[in-house]
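Working notes, structure below.
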2 protein chains.
Amino acid sequence: MSKVRVSSFSISIDGFGAGARQDLQNPLGVRGPEMFSWFFQTDVWKKMQGESGGGQGVDNQMAERAFENVGAWILGRNMFGPVRGPWPDESWKGWWGDEPPYHVPVFVLTHHVRKPLAMQGGTTFHFVTDGAESALKRAREAAAGKDVRIGGGVSTIRQYLLAGQIDEMHLAMSPVLMGEGEHLFAGINLQQLGFRVAQSVAGENATHILIEKRQ
Amino acid sequence: MSKVRVSSFSISIDGFGAGARQDLQNPLGVRGPEMFSWFFQTDVWKKMQGESGGGQGVDNQMAERAFENVGAWILGRNMFGPVRGPWPDESWKGWWGDEPPYHVPVFVLTHHVRKPLAMQGGTTFHFVTDGAESALKRAREAAAGKDVRIGGGVSTIRQYLLAGQIDEMHLAMSPVLMGEGEHLFAGINLQQLGFRVAQSVAGENATHILIEKRQ
């Protein structure tokens with residue numbers, strides 16, 4: 001059955017999912033990349049960069065699984081880019097170059113209208129201005145029976161969590177302390193929302209925690 | 001050198017160190033014991049219960065290390081017992097029976113005077129009414145060069161963290177979601193306090209995270 005899921009989402013020991021003060025120089029927030037250290041060492045990541053020789057272990061398997069059976073993505077606007085307010089023009093095309101790693105329709109939450117943007121490799125960015133519910137509806141349709149992956153960032157995941165619309169989450173807990181930034185769970189009672197930890201798997205550079213809805 | 005440390009302190013994936021609504025029936029708060037599941041399976045714990053056959057792996061090694069070189073403990077009053085307000089009498093002697101697992105002086109933070117309580121096996125509970133700073137001073141003296149272990153609970157650890165008096169912490173992160181209870185780090189910036197993650201070690205039933213002050 002089609003699921004709405006969060007996959008390979010990196011958090012710190014102290015529960016942050018992004019660093020503070022995100023901007024063009026710090027797309028993951030200040031010190032954010034430290035949380036992604038595990039991912040940057042995987043073969044999945046190296047191949048995205050046109051390189052080889054990345055890790056082939058547990059972390060890499062988890063990164064691979066995160067991309068499997070995904071029919072559509074949803075991203076918050078900050079994850080798409082640093083532009084705020086109305087789009088000044090159409091020059092910003094995401095952080096990922098000409099061929100983004102999605103290869104399926106990607107729905108970007110924004111308050112500002114912009115026409116769809118087709119990239120190389122099958123990724124098309126659709127800009128959704130009528131809310132998270134609408135984005136999910138469109139993503140489900142586009143996914144055509146495959147899963148919808150909520151890519152992030154933190155506030156987007158929190159929004160779908162609180163709406164009860166996420167079926168499972170795979171978090172990659174990195175051995176770093178952020179101290180400040182965007183906290184993934186603060187004020188959210190995951191137990192009350194029906195989640196439980198299904199599995200905890202030690203990777204080479206992160207601990208992978210699989211969280212799912214209780215049956 | 002003598003350290004002030006937190007050891008084998010269990011937390012949930014969502015950062016809680018105790019469940020909600022602690023009372024006589026729930027000394028660790030509601031669902032609190034789920035966070036200690038890893039510990040209850042160790043040989044260290046089984047031996048405390050006069051049993052044998054507990055796990056001998058990584059979790060057990062971590063539990064053993066937590067008791068090594070400890071010369072004195074500090075406990076918050078709620079960790080000592082469920083009694084609130086002035087001591088009605090001297091009948092409450094802790095959760096641990098006639099021979100508590102400490103075997104050294106234990107300093108209990110309280111607002112209410114009570115004379116020292118000597119138990120079997122070398123544990124003496126001292127009730128400290130003039131604050132956390134004083135308790136630490138007395139514990140350091142009693143430890144005579146060994147470490148002072150801050151046993152908990154959450155609010156006691158937070159107090160010493162914020163005062164900059166903790167040198168290292170070993171947290172055992174259990175694969176459970178509490179959803180509510182006492183959060184260990186909410187509002188505390190560990191990075192700013194000078195901590196970093198020194199090591200993350202996968203145990204059989206918990207992930208052990210060693211946090212220390214940066215040099």
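Each chain in the structure tokens gets a letter, A, B and so on, in the order shown; residues start at 1 in every chain, and ligands are counted from 1 in the order they appear.
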Q: Give the residues of chain A that lie within 12 Å of chain B; count only C-alpha atoms, and format the answer as a ChimeraX atom specification.
A: /A:11-16,19,31,34,171-181,183-214
Let me see the file: selected residues, N, CA and C atoms, as a compact mmCIF listing (two decimals), in the first residue's frame.
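Heads up, here's the output in result_18.txt:
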```txt
# COMPACT_ATOMS: atom_id res chain seq x y z
N ILE A 11 19.07 13.54 12.15
CA ILE A 11 18.90 14.37 13.34
C ILE A 11 20.12 14.21 14.25
N SER A 12 20.27 15.17 15.13
CA SER A 12 21.37 15.13 16.09
C SER A 12 20.93 14.39 17.35
N ILE A 13 21.88 14.07 18.20
CA ILE A 13 21.58 13.42 19.48
C ILE A 13 20.57 14.25 20.29
N ASP A 14 20.72 15.56 20.20
CA ASP A 14 19.81 16.43 20.96
C ASP A 14 18.57 16.81 20.16
N GLY A 15 18.29 16.10 19.08
CA GLY A 15 16.98 16.17 18.45
C GLY A 15 16.76 17.23 17.39
N PHE A 16 17.84 17.88 16.97
CA PHE A 16 17.66 18.90 15.93
C PHE A 16 17.75 18.25 14.54
N GLY A 19 20.40 22.95 11.37
CA GLY A 19 21.11 23.94 12.16
C GLY A 19 20.36 25.27 12.15
N ARG A 31 26.39 24.44 10.83
CA ARG A 31 26.82 23.11 11.31
C ARG A 31 25.88 21.98 10.88
N GLU A 34 27.19 18.54 9.54
CA GLU A 34 27.75 17.53 10.47
C GLU A 34 26.75 16.39 10.70
N LEU A 171 14.71 7.77 10.75
CA LEU A 171 15.61 8.84 11.17
C LEU A 171 17.02 8.29 11.27
N ALA A 172 17.97 9.09 10.85
CA ALA A 172 19.38 8.71 10.99
C ALA A 172 19.97 9.61 12.06
N MET A 173 20.18 9.03 13.25
CA MET A 173 20.69 9.85 14.35
C MET A 173 22.21 9.88 14.31
N SER A 174 22.73 11.07 14.14
CA SER A 174 24.17 11.25 14.01
C SER A 174 24.77 11.61 15.37
N PRO A 175 25.98 11.14 15.62
CA PRO A 175 26.60 11.40 16.92
C PRO A 175 27.16 12.82 17.03
N VAL A 176 26.29 13.78 16.90
CA VAL A 176 26.69 15.18 17.07
C VAL A 176 25.66 15.90 17.93
N LEU A 177 26.11 16.94 18.59
CA LEU A 177 25.24 17.81 19.37
C LEU A 177 25.12 19.13 18.63
N MET A 178 23.90 19.53 18.29
CA MET A 178 23.74 20.80 17.58
C MET A 178 23.60 21.97 18.57
N GLY A 179 22.85 21.75 19.63
CA GLY A 179 22.68 22.82 20.62
C GLY A 179 21.58 23.79 20.25
N GLU A 180 21.50 24.15 18.97
CA GLU A 180 20.45 25.06 18.51
C GLU A 180 20.09 24.70 17.08
N GLY A 181 18.97 25.23 16.63
CA GLY A 181 18.51 24.94 15.28
C GLY A 181 17.04 24.60 15.30
N HIS A 183 14.24 21.97 15.96
CA HIS A 183 14.04 20.73 16.69
C HIS A 183 12.89 19.96 16.05
N LEU A 184 13.13 18.65 15.83
CA LEU A 184 12.14 17.88 15.08
C LEU A 184 10.88 17.59 15.89
N PHE A 185 11.05 17.27 17.18
CA PHE A 185 9.92 16.75 17.95
C PHE A 185 9.44 17.64 19.10
N ALA A 186 10.11 18.75 19.37
CA ALA A 186 9.74 19.57 20.53
C ALA A 186 8.24 19.85 20.53
N GLY A 187 7.59 19.50 21.61
CA GLY A 187 6.16 19.78 21.74
C GLY A 187 5.28 18.81 20.99
N ILE A 188 5.87 17.81 20.34
CA ILE A 188 5.07 16.81 19.62
C ILE A 188 5.13 15.49 20.38
N ASN A 189 3.98 14.95 20.72
CA ASN A 189 3.90 13.69 21.46
C ASN A 189 3.73 12.54 20.47
N LEU A 190 4.84 11.92 20.10
CA LEU A 190 4.81 10.87 19.07
C LEU A 190 4.06 9.63 19.54
N GLN A 191 4.15 9.37 20.83
CA GLN A 191 3.43 8.23 21.41
C GLN A 191 1.92 8.44 21.23
N GLN A 192 1.47 9.63 21.55
CA GLN A 192 0.06 9.95 21.43
C GLN A 192 -0.40 9.95 19.97
N LEU A 193 0.51 10.29 19.08
CA LEU A 193 0.17 10.28 17.65
C LEU A 193 0.14 8.86 17.09
N GLY A 194 0.47 7.88 17.95
CA GLY A 194 0.32 6.49 17.52
C GLY A 194 1.59 5.83 17.02
N PHE A 195 2.73 6.50 17.21
CA PHE A 195 3.97 5.92 16.70
C PHE A 195 4.66 5.04 17.74
N ARG A 196 5.43 4.10 17.24
CA ARG A 196 6.32 3.30 18.07
C ARG A 196 7.62 3.07 17.31
N VAL A 197 8.68 2.71 18.03
CA VAL A 197 9.93 2.39 17.38
C VAL A 197 9.85 0.94 16.92
N ALA A 198 9.95 0.74 15.63
CA ALA A 198 9.90 -0.63 15.09
C ALA A 198 11.26 -1.29 15.12
N GLN A 199 12.31 -0.50 14.93
CA GLN A 199 13.65 -1.06 14.83
C GLN A 199 14.71 0.02 15.02
N SER A 200 15.82 -0.38 15.59
CA SER A 200 16.98 0.51 15.70
C SER A 200 18.18 -0.26 15.16
N VAL A 201 18.84 0.32 14.18
CA VAL A 201 19.92 -0.39 13.50
C VAL A 201 21.18 0.47 13.53
N ALA A 202 22.27 -0.12 14.01
CA ALA A 202 23.52 0.62 14.07
C ALA A 202 24.18 0.64 12.70
N GLY A 203 24.37 1.82 12.16
CA GLY A 203 25.15 1.96 10.94
C GLY A 203 26.59 2.28 11.29
N GLU A 204 27.42 2.50 10.26
CA GLU A 204 28.82 2.81 10.51
C GLU A 204 28.97 4.19 11.15
N ASN A 205 28.13 5.13 10.73
CA ASN A 205 28.29 6.50 11.20
C ASN A 205 27.00 7.16 11.68
N ALA A 206 25.94 6.37 11.81
CA ALA A 206 24.68 6.89 12.35
C ALA A 206 23.88 5.71 12.88
N THR A 207 22.94 6.00 13.74
CA THR A 207 22.01 4.98 14.22
C THR A 207 20.68 5.19 13.51
N HIS A 208 20.21 4.15 12.85
CA HIS A 208 18.99 4.29 12.05
C HIS A 208 17.80 3.82 12.87
N ILE A 209 16.82 4.70 13.00
CA ILE A 209 15.67 4.42 13.84
C ILE A 209 14.43 4.41 12.96
N LEU A 210 13.75 3.28 12.97
CA LEU A 210 12.54 3.15 12.15
C LEU A 210 11.32 3.28 13.04
N ILE A 211 10.52 4.27 12.75
CA ILE A 211 9.35 4.60 13.55
C ILE A 211 8.11 4.40 12.70
N GLU A 212 7.13 3.70 13.23
CA GLU A 212 5.92 3.49 12.42
C GLU A 212 4.67 3.59 13.27
N LYS A 213 3.56 3.69 12.62
CA LYS A 213 2.28 3.74 13.32
C LYS A 213 1.98 2.37 13.90
N ARG A 214 1.49 2.35 15.15
CA ARG A 214 1.07 1.08 15.75
C ARG A 214 -0.16 0.58 15.01
```
Using DSSP on the backbone coordinates, identify the residues of region 53-194 of chain B assigned to strand (DSSP E or B); present them as an mmCIF file with N, CA and C atoms, in the first residue's frame.
```cif
data_model
loop_
_atom_site.group_PDB
_atom_site.id
_atom_site.type_symbol
_atom_site.label_atom_id
_atom_site.label_comp_id
_atom_site.auth_asym_id
_atom_site.auth_seq_id
_atom_site.Cartn_x
_atom_site.Cartn_y
_atom_site.Cartn_z
ATOM 1 N N GLY B 55 22.853 -10.620 30.386
ATOM 2 C CA GLY B 55 23.682 -10.387 29.210
ATOM 3 C C GLY B 55 25.100 -9.979 29.583
ATOM 4 N N VAL B 70 33.621 5.185 41.124
ATOM 5 C CA VAL B 70 32.681 6.171 41.677
ATOM 6 C C VAL B 70 32.891 6.251 43.188
ATOM 7 N N GLY B 71 33.214 7.456 43.679
ATOM 8 C CA GLY B 71 33.486 7.624 45.106
ATOM 9 C C GLY B 71 32.331 8.211 45.884
ATOM 10 N N ALA B 72 31.377 8.798 45.174
ATOM 11 C CA ALA B 72 30.191 9.368 45.817
ATOM 12 C C ALA B 72 29.126 9.614 44.753
ATOM 13 N N TRP B 73 27.891 9.610 45.191
ATOM 14 C CA TRP B 73 26.763 9.880 44.293
ATOM 15 C C TRP B 73 26.004 11.121 44.767
ATOM 16 N N ILE B 74 25.329 11.742 43.813
ATOM 17 C CA ILE B 74 24.343 12.775 44.152
ATOM 18 C C ILE B 74 23.015 12.371 43.510
ATOM 19 N N LEU B 75 21.962 12.392 44.291
ATOM 20 C CA LEU B 75 20.618 12.077 43.786
ATOM 21 C C LEU B 75 19.663 13.209 44.113
ATOM 22 N N GLY B 76 18.769 13.495 43.204
ATOM 23 C CA GLY B 76 17.661 14.378 43.535
ATOM 24 C C GLY B 76 16.721 13.650 44.481
ATOM 25 N N PRO B 105 29.167 6.920 49.918
ATOM 26 C CA PRO B 105 28.259 7.981 50.371
ATOM 27 C C PRO B 105 27.381 8.504 49.225
ATOM 28 N N VAL B 106 26.126 8.731 49.522
ATOM 29 C CA VAL B 106 25.164 9.251 48.544
ATOM 30 C C VAL B 106 24.549 10.527 49.108
ATOM 31 N N PHE B 107 24.637 11.610 48.361
ATOM 32 C CA PHE B 107 24.128 12.895 48.828
ATOM 33 C C PHE B 107 22.791 13.177 48.148
ATOM 34 N N VAL B 108 21.758 13.305 48.966
ATOM 35 C CA VAL B 108 20.401 13.484 48.453
ATOM 36 C C VAL B 108 19.989 14.943 48.624
ATOM 37 N N LEU B 109 19.621 15.576 47.506
ATOM 38 C CA LEU B 109 19.179 16.977 47.548
ATOM 39 C C LEU B 109 17.758 17.048 48.103
ATOM 40 N N LEU B 117 21.606 8.375 56.998
ATOM 41 C CA LEU B 117 21.012 7.050 57.074
ATOM 42 C C LEU B 117 22.022 6.037 56.537
ATOM 43 N N ALA B 118 22.556 5.241 57.456
ATOM 44 C CA ALA B 118 23.561 4.247 57.047
ATOM 45 C C ALA B 118 22.861 2.940 56.700
ATOM 46 N N THR B 124 25.746 5.221 52.641
ATOM 47 C CA THR B 124 25.131 6.129 53.623
ATOM 48 C C THR B 124 24.469 7.270 52.867
ATOM 49 N N PHE B 125 23.200 7.471 53.140
ATOM 50 C CA PHE B 125 22.489 8.599 52.526
ATOM 51 C C PHE B 125 22.661 9.837 53.410
ATOM 52 N N HIS B 126 23.190 10.893 52.812
ATOM 53 C CA HIS B 126 23.310 12.181 53.504
ATOM 54 C C HIS B 126 22.299 13.136 52.872
ATOM 55 N N PHE B 127 21.535 13.820 53.691
ATOM 56 C CA PHE B 127 20.484 14.700 53.175
ATOM 57 C C PHE B 127 20.996 16.135 53.214
ATOM 58 N N VAL B 128 21.105 16.735 52.034
ATOM 59 C CA VAL B 128 21.741 18.047 51.905
ATOM 60 C C VAL B 128 20.665 19.104 51.690
ATOM 61 N N ASP B 147 35.528 9.569 41.207
ATOM 62 C CA ASP B 147 34.536 10.399 40.531
ATOM 63 C C ASP B 147 33.273 10.589 41.369
ATOM 64 N N VAL B 148 32.593 11.676 41.082
ATOM 65 C CA VAL B 148 31.259 11.902 41.629
ATOM 66 C C VAL B 148 30.261 11.594 40.528
ATOM 67 N N ARG B 149 29.339 10.698 40.790
ATOM 68 C CA ARG B 149 28.332 10.362 39.782
ATOM 69 C C ARG B 149 27.003 11.035 40.136
ATOM 70 N N ILE B 150 26.514 11.807 39.193
ATOM 71 C CA ILE B 150 25.197 12.430 39.362
ATOM 72 C C ILE B 150 24.191 11.393 38.871
ATOM 73 N N GLY B 151 23.461 10.807 39.789
ATOM 74 C CA GLY B 151 22.585 9.689 39.443
ATOM 75 C C GLY B 151 21.318 10.116 38.727
ATOM 76 N N GLY B 152 20.855 11.298 39.019
ATOM 77 C CA GLY B 152 19.615 11.808 38.454
ATOM 78 C C GLY B 152 18.740 12.313 39.579
ATOM 79 N N GLU B 168 31.394 14.822 32.055
ATOM 80 C CA GLU B 168 31.046 13.881 30.987
ATOM 81 C C GLU B 168 29.736 13.155 31.284
ATOM 82 N N MET B 169 29.104 12.726 30.204
ATOM 83 C CA MET B 169 27.831 12.013 30.329
ATOM 84 C C MET B 169 27.843 10.794 29.428
ATOM 85 N N HIS B 170 27.409 9.694 29.979
ATOM 86 C CA HIS B 170 27.156 8.502 29.173
ATOM 87 C C HIS B 170 25.647 8.277 29.178
ATOM 88 N N LEU B 171 25.054 8.475 28.015
ATOM 89 C CA LEU B 171 23.610 8.282 27.873
ATOM 90 C C LEU B 171 23.350 6.962 27.158
ATOM 91 N N ALA B 172 22.348 6.256 27.614
ATOM 92 C CA ALA B 172 21.944 5.019 26.948
ATOM 93 C C ALA B 172 20.609 5.311 26.268
ATOM 94 N N MET B 173 20.662 5.457 24.950
ATOM 95 C CA MET B 173 19.441 5.800 24.233
ATOM 96 C C MET B 173 18.689 4.526 23.860
ATOM 97 N N SER B 174 17.485 4.428 24.397
ATOM 98 C CA SER B 174 16.667 3.233 24.177
ATOM 99 C C SER B 174 15.715 3.456 23.023
ATOM 100 N N GLU B 182 9.832 13.879 31.526
ATOM 101 C CA GLU B 182 10.840 14.904 31.797
ATOM 102 C C GLU B 182 11.901 14.852 30.713
ATOM 103 N N HIS B 183 12.035 15.962 29.989
ATOM 104 C CA HIS B 183 12.973 16.031 28.870
ATOM 105 C C HIS B 183 14.353 16.435 29.383
#
```
Q | Residues near Gly81 (chain B), cut-off 12 Å, only C-alpha atoms, skip fewer than 3 positions along chain, as a ChimeraX atom specification | A | /B:22-28,75-78,84-85,87,91-97,108-110,153
With C-alpha atoms kept, could you save the residues just selected as a compact mmCIF listing (two decimals), in the first residue's frame?
```txt
# COMPACT_ATOMS: atom_id res chain seq x y z
CA GLN B 22 6.14 9.68 39.00
CA ASP B 23 4.72 8.12 42.17
CA LEU B 24 5.14 5.12 44.44
CA GLN B 25 3.83 2.75 41.76
CA ASN B 26 5.80 4.48 39.02
CA PRO B 27 9.20 5.43 40.40
CA LEU B 28 10.47 6.07 36.86
CA LEU B 75 20.62 12.08 43.79
CA GLY B 76 17.66 14.38 43.54
CA ARG B 77 15.06 13.77 46.17
CA ASN B 78 12.55 12.31 43.73
CA ARG B 84 7.25 15.12 49.19
CA GLY B 85 7.51 17.92 51.74
CA TRP B 87 9.87 13.81 56.12
CA SER B 91 10.63 4.95 57.49
CA TRP B 92 11.40 5.70 53.83
CA LYS B 93 14.86 4.35 53.11
CA GLY B 94 15.00 4.54 49.33
CA TRP B 95 13.75 2.26 46.57
CA TRP B 96 16.58 -0.24 46.92
CA GLY B 97 15.97 -2.33 50.07
CA VAL B 108 20.40 13.48 48.45
CA LEU B 109 19.18 16.98 47.55
CA THR B 110 16.23 17.99 49.71
CA GLY B 153 16.79 12.43 38.05
```
(Q) Taking 3 positions as the minimum chain separation for residues in the same chain, which residues sit within 12 Å of Asp43 (chain B) when counting only C-alpha atoms? Answer as JSON, numbers by chain. (A) {"B": [38, 39, 40, 46, 47, 48, 49, 50, 51, 52, 53, 54, 55, 56, 57, 58, 59, 60, 61, 62, 63, 64]}
Q: Could you tell me which of B:Ser2, B:His111, B:Ser134, B:Pro101 comes closest to Val83 (chain B) if we count only C-alpha atoms?
A: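 Closest to Val83 (chain B) of all the choices is B:His111.
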**Q.** Those of region 37-97 of chain A in DSSP alpha helix (DSSP H), formatted as a list in words
**A.** Ser37, Trp38, Phe39, Phe40, Asp43, Val44, Trp45, Lys46, Lys47, Met48, Val58, Asp59, Asn60, Gln61, Met62, Ala63, Glu64, Arg65, Ala66, Phe67, Arg77, Asn78, Met79 and Phe80 of chain A
File of the preceding selection, C-alpha atoms, as an mmCIF file, in the first residue's frame:
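What ended up in selection.cif:
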```
data_model
loop_
_atom_site.group_PDB
_atom_site.id
_atom_site.type_symbol
_atom_site.label_atom_id
_atom_site.label_comp_id
_atom_site.auth_asym_id
_atom_site.auth_seq_id
_atom_site.Cartn_x
_atom_site.Cartn_y
_atom_site.Cartn_z
ATOM 1 C CA SER A 37 28.356 13.145 7.641
ATOM 2 C CA TRP A 38 27.080 9.542 7.607
ATOM 3 C CA PHE A 39 25.309 10.151 4.279
ATOM 4 C CA PHE A 40 28.236 11.918 2.607
ATOM 5 C CA ASP A 43 28.094 5.138 -2.136
ATOM 6 C CA VAL A 44 24.600 6.523 -2.787
ATOM 7 C CA TRP A 45 25.874 10.038 -2.177
ATOM 8 C CA LYS A 46 29.169 9.546 -4.011
ATOM 9 C CA LYS A 47 27.320 8.345 -7.107
ATOM 10 C CA MET A 48 25.087 11.432 -7.005
ATOM 11 C CA VAL A 58 24.524 -0.427 6.614
ATOM 12 C CA ASP A 59 24.427 3.342 6.165
ATOM 13 C CA ASN A 60 24.505 2.909 2.400
ATOM 14 C CA GLN A 61 21.765 0.273 2.462
ATOM 15 C CA MET A 62 19.599 2.642 4.456
ATOM 16 C CA ALA A 63 20.274 5.463 2.012
ATOM 17 C CA GLU A 64 19.373 3.173 -0.890
ATOM 18 C CA ARG A 65 16.132 2.094 0.716
ATOM 19 C CA ALA A 66 15.197 5.721 1.237
ATOM 20 C CA PHE A 67 14.976 6.177 -2.535
ATOM 21 C CA ARG A 77 10.172 25.856 0.351
ATOM 22 C CA ASN A 78 13.277 26.360 2.471
ATOM 23 C CA MET A 79 14.469 22.964 1.431
ATOM 24 C CA PHE A 80 14.038 23.974 -2.186
#
```
(Q) Between A:Asp89, A:Asp167, A:Asp130, A:Glu68, which residue has the minimum interatomic distance to His103 (chain A), considering only C-alpha atoms? (A) A:Glu68
**Q.** For CA of Glu133 (chain B) and CA of Ile157 (chain B), the interatomic separation in Å (one decimal)
**A.**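 It comes out at 12.7 Å.
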**Q.** Å distance separating CA of Glu141 (chain A) from CA of Glu99 (chain A), one decimal place
**A.**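 Value for the CA of Glu141 (chain A)-CA of Glu99 (chain A) distance: 23.1 Å.
Between CA of Ser7 (chain B) and CA of Pro33 (chain B) there is a distance of 17.0 Å.
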